[in-house]
Amino acid sequence: MKKPKILVTRKWPEKVETKLSESYDVTFNNNDIALNTNDFCEALKKYDAILPTVTDKMPKKIFEVANIRTQILGNYGVGYAHIDISTAKSLGITVTNTPDVLSDCTADITLTLMLMAARRAGEGEREVRASKWEGWRPTHLVGTKLTGKTLGIIGFGRIGQEVAKRAHHGFGMKILVQNRSSIDPSILSQTNAVQINKIDDLLPDIDFLSLHCPGGEENRDLIGSAELQLMKKEAILINTARGEVVNDPALIYALKNNIINAAGLDVYNEEPNLNKEYLDCPNAILLPHLGSATNETREAMGFRVIKNLNEFFSGKVPEDKVS
């Protein structure tokens, strides 16, 4: 039987690419340069499956081509706001994602950003590298501690829950959460978390705010000027969700005008073209979307995509089908 034709849009871990090649007729993007709109239009006519990543924009217009061959989009990642899901569904194209496998590592990078922002690690590291460190002194780069502080979490799914565990059990932090649906009390009890119904009621009482809600238009600019004004001046914002969840001009203004203390960002609007004004904010920790960037997780993500493909092409409904 002829193997399904598969397009992998970016470079994947070697072990995963090898495994994928065993079962499928695979075309790899060996130069690892993001595909453009025309590339995707052509790919939809040529391949049985396309395996995109968060960097691959797949809006409605790319699906407006004749003779679409693609039957499944096996997304390499949890978030899929970069894909026009409703259009794909209307064309009978299945979309899958890779939940579960990156929760731990994304939670780890969240705590990394919290610690770096709280302890002004970015400023300190830049000072040492620039040979400007003048030695220890009592008032030098004084930050704040995590221990015993209050952490607000918006979006209490798998990743948000893992963040809460690390913060509560590791640093004794009090956990307040806001979620679009009611959370099982047994889950809240694991970290003594308290669910708050409205974001505006959450923000004034927290020392740290960590975002773990979905991206897309539904949550665009969820945190803007009004929300930042509700936060303490000492508060620190962390975003490892999606760039569009935060209004960039509002956050930049808040950072430059002491409306909040600091921010730690791993995601941005229009990646990799982040708003350059962030570079003028010494109180912003800026990471290049490293949330899932460990060997273990990136391989697990790829194997999860393969599992979904195997299920789909064997006539089953993939476990991770989102559309």
# chains A, B, ... in the order shown; residues from 1 in each chain; ligands from 1
$ select_by_dssp --residues "range 214-264 of chain A" --states "strand (DSSP E or B)" --output "number ranges by chain"
A: 223, 236-239, 246, 262-264
$ residues_around --residues "Tyr47 in chain A" --least-positions-apart "2" --cutoff "12 Å" --atoms "only C-alpha atoms" --output "ChimeraX atom specification"
/A:3-9,24-27,39-45,49-51,67-73
$ select_by_dssp --residues "range 179-247 of chain A" --states "alpha helix (DSSP H)" --output "PyMOL selection string"
chain A and resi 185-189+199-202+225-230
$ closest_residue --among "A:Met116, A:Val245, A:Ile259, A:Val177" --to "Gln195 in chain A" --atoms "only C-alpha atoms"
A:Val177
$ residues_around --residues "Val246 in chain A" --least-positions-apart "3" --cutoff "9 Å" --atoms "only C-alpha atoms" --output "PyMOL selection string"
chain A and resi 219-224+239+242-243+250-251+268-269
$ atom_distance --atom1 "CA of Glu244 in chain A" --atom2 "CA of Val267 in chain A"
8.7 Å
$ closest_residue --among "A:Glu64, A:Glu17, A:Lys165, A:Glu123" --to "Asn38 in chain A" --atoms "only C-alpha atoms"
A:Glu64
$ closest_residue --among "A:Thr240, A:Ser292, A:Thr191, A:Ser314" --to "Tyr76 in chain A" --atoms "only C-alpha atoms"
A:Ser292
$ residues_around --residues "Gly160 in chain A" --least-positions-apart "2" --cutoff "9 Å" --atoms "only C-alpha atoms" --output "PyMOL selection string"
chain A and resi 103+107+153-158+162-165+177+210-213
$ residues_around --residues "Leu290 in chain A" --least-positions-apart "2" --cutoff "12 Å" --atoms "only C-alpha atoms" --output "ChimeraX atom specification"
/A:102,105-110,112-113,239-241,265-268,286-288,292-295,297-298
$ atom_distance --atom1 "CA of Asn257 in chain A" --atom2 "CA of Phe171 in chain A"
29.0 Å
$ closest_residue --among "A:Ala262, A:Asp248, A:Val317, A:Thr18" --to "Leu274 in chain A" --atoms "only C-alpha atoms"
A:Asp248
$ atom_distance --atom1 "CA of Asp100 in chain A" --atom2 "CA of Glu311 in chain A"
17.7 Å
$ residues_around --residues "Gln229 in chain A" --least-positions-apart "3" --cutoff "9 Å" --atoms "only C-alpha atoms" --output "list of chain:residue names"
A:Pro204, A:Gly224, A:Ser225, A:Ala226, A:Lys232, A:Lys233, A:Ala254, A:Ile259, A:Ile260
$ write_last_selection --atoms "C-alpha atoms" --output "compact mmCIF listing (two decimals), in the first residue's frame"
# COMPACT_ATOMS: atom_id res chain seq x y z
CA PRO A 204 -5.31 43.74 42.97
CA GLY A 224 -4.16 45.78 28.73
CA SER A 225 -3.88 49.21 30.34
CA ALA A 226 -6.94 48.85 32.59
CA LYS A 232 0.28 46.39 42.56
CA LYS A 233 3.27 48.51 41.63
CA ALA A 254 3.59 50.05 32.44
CA ILE A 259 2.94 50.87 36.97
CA ILE A 260 4.16 47.33 37.60
$ closest_residue --among "A:Val54, A:Ile85, A:Ala284, A:Val322" --to "Leu237 in chain A" --atoms "only C-alpha atoms"
A:Ala284
$ residues_around --residues "Ala121 in chain A" --least-positions-apart "3" --cutoff "12 Å" --atoms "only C-alpha atoms" --output "list in words"
Thr112, Leu113, Met114, Leu115, Met116, Ala117, Ala118, Gly124, Glu125, Arg126, Glu127, Val128, His140, Leu141, Val142, Gly143, Thr144, Ala262, Gly264, Pro282, Asn283, Ala284, Ile285 and Leu286 of chain A
$ write_last_selection --atoms "N, CA and C atoms" --output "compact mmCIF listing (two decimals), in the first residue's frame"
# COMPACT_ATOMS: atom_id res chain seq x y z
N THR A 112 11.25 29.88 35.92
CA THR A 112 12.52 30.52 35.55
C THR A 112 12.32 32.02 35.36
N LEU A 113 11.29 32.38 34.62
CA LEU A 113 11.00 33.80 34.38
C LEU A 113 10.62 34.52 35.66
N MET A 114 9.85 33.86 36.52
CA MET A 114 9.47 34.47 37.80
C MET A 114 10.71 34.80 38.62
N LEU A 115 11.61 33.83 38.71
CA LEU A 115 12.83 34.03 39.50
C LEU A 115 13.74 35.08 38.87
N MET A 116 13.89 35.04 37.56
CA MET A 116 14.76 36.00 36.88
C MET A 116 14.25 37.43 37.04
N ALA A 117 12.92 37.58 36.88
CA ALA A 117 12.35 38.92 37.00
C ALA A 117 12.40 39.42 38.44
N ALA A 118 12.06 38.53 39.37
CA ALA A 118 12.02 38.93 40.78
C ALA A 118 13.41 39.29 41.30
N GLY A 124 21.52 41.80 36.07
CA GLY A 124 22.79 41.41 36.64
C GLY A 124 23.69 40.70 35.63
N GLU A 125 23.12 39.81 34.84
CA GLU A 125 23.91 39.08 33.85
C GLU A 125 24.48 40.02 32.79
N ARG A 126 23.66 40.99 32.36
CA ARG A 126 24.15 41.95 31.38
C ARG A 126 25.27 42.82 31.95
N GLU A 127 25.15 43.16 33.23
CA GLU A 127 26.17 43.99 33.88
C GLU A 127 27.51 43.27 33.94
N VAL A 128 27.46 41.98 34.31
CA VAL A 128 28.70 41.21 34.39
C VAL A 128 29.33 41.06 33.01
N HIS A 140 22.72 46.96 45.85
CA HIS A 140 22.91 46.66 44.43
C HIS A 140 21.88 45.65 43.90
N LEU A 141 21.13 46.03 42.88
CA LEU A 141 20.17 45.17 42.20
C LEU A 141 19.30 44.38 43.18
N VAL A 142 18.75 45.10 44.11
CA VAL A 142 17.87 44.48 45.10
C VAL A 142 16.52 44.14 44.45
N GLY A 143 16.11 42.89 44.57
CA GLY A 143 14.83 42.46 43.99
C GLY A 143 13.84 42.08 45.05
N THR A 144 13.02 41.09 44.74
CA THR A 144 12.02 40.60 45.68
C THR A 144 12.05 39.08 45.70
N ALA A 262 7.92 44.49 36.97
CA ALA A 262 8.71 43.82 35.94
C ALA A 262 7.82 42.85 35.17
N GLY A 264 8.22 39.01 32.67
CA GLY A 264 9.00 37.94 32.07
C GLY A 264 8.22 37.36 30.91
N PRO A 282 14.74 47.58 30.92
CA PRO A 282 15.65 46.71 31.67
C PRO A 282 14.92 45.77 32.63
N ASN A 283 13.68 46.11 32.98
CA ASN A 283 12.89 45.27 33.88
C ASN A 283 12.04 44.25 33.14
N ALA A 284 12.38 43.98 31.89
CA ALA A 284 11.72 42.94 31.11
C ALA A 284 12.71 41.81 30.84
N ILE A 285 12.34 40.60 31.23
CA ILE A 285 13.12 39.41 30.90
C ILE A 285 12.55 38.86 29.60
N LEU A 286 13.37 38.71 28.58
CA LEU A 286 12.90 38.35 27.25
C LEU A 286 13.57 37.05 26.79
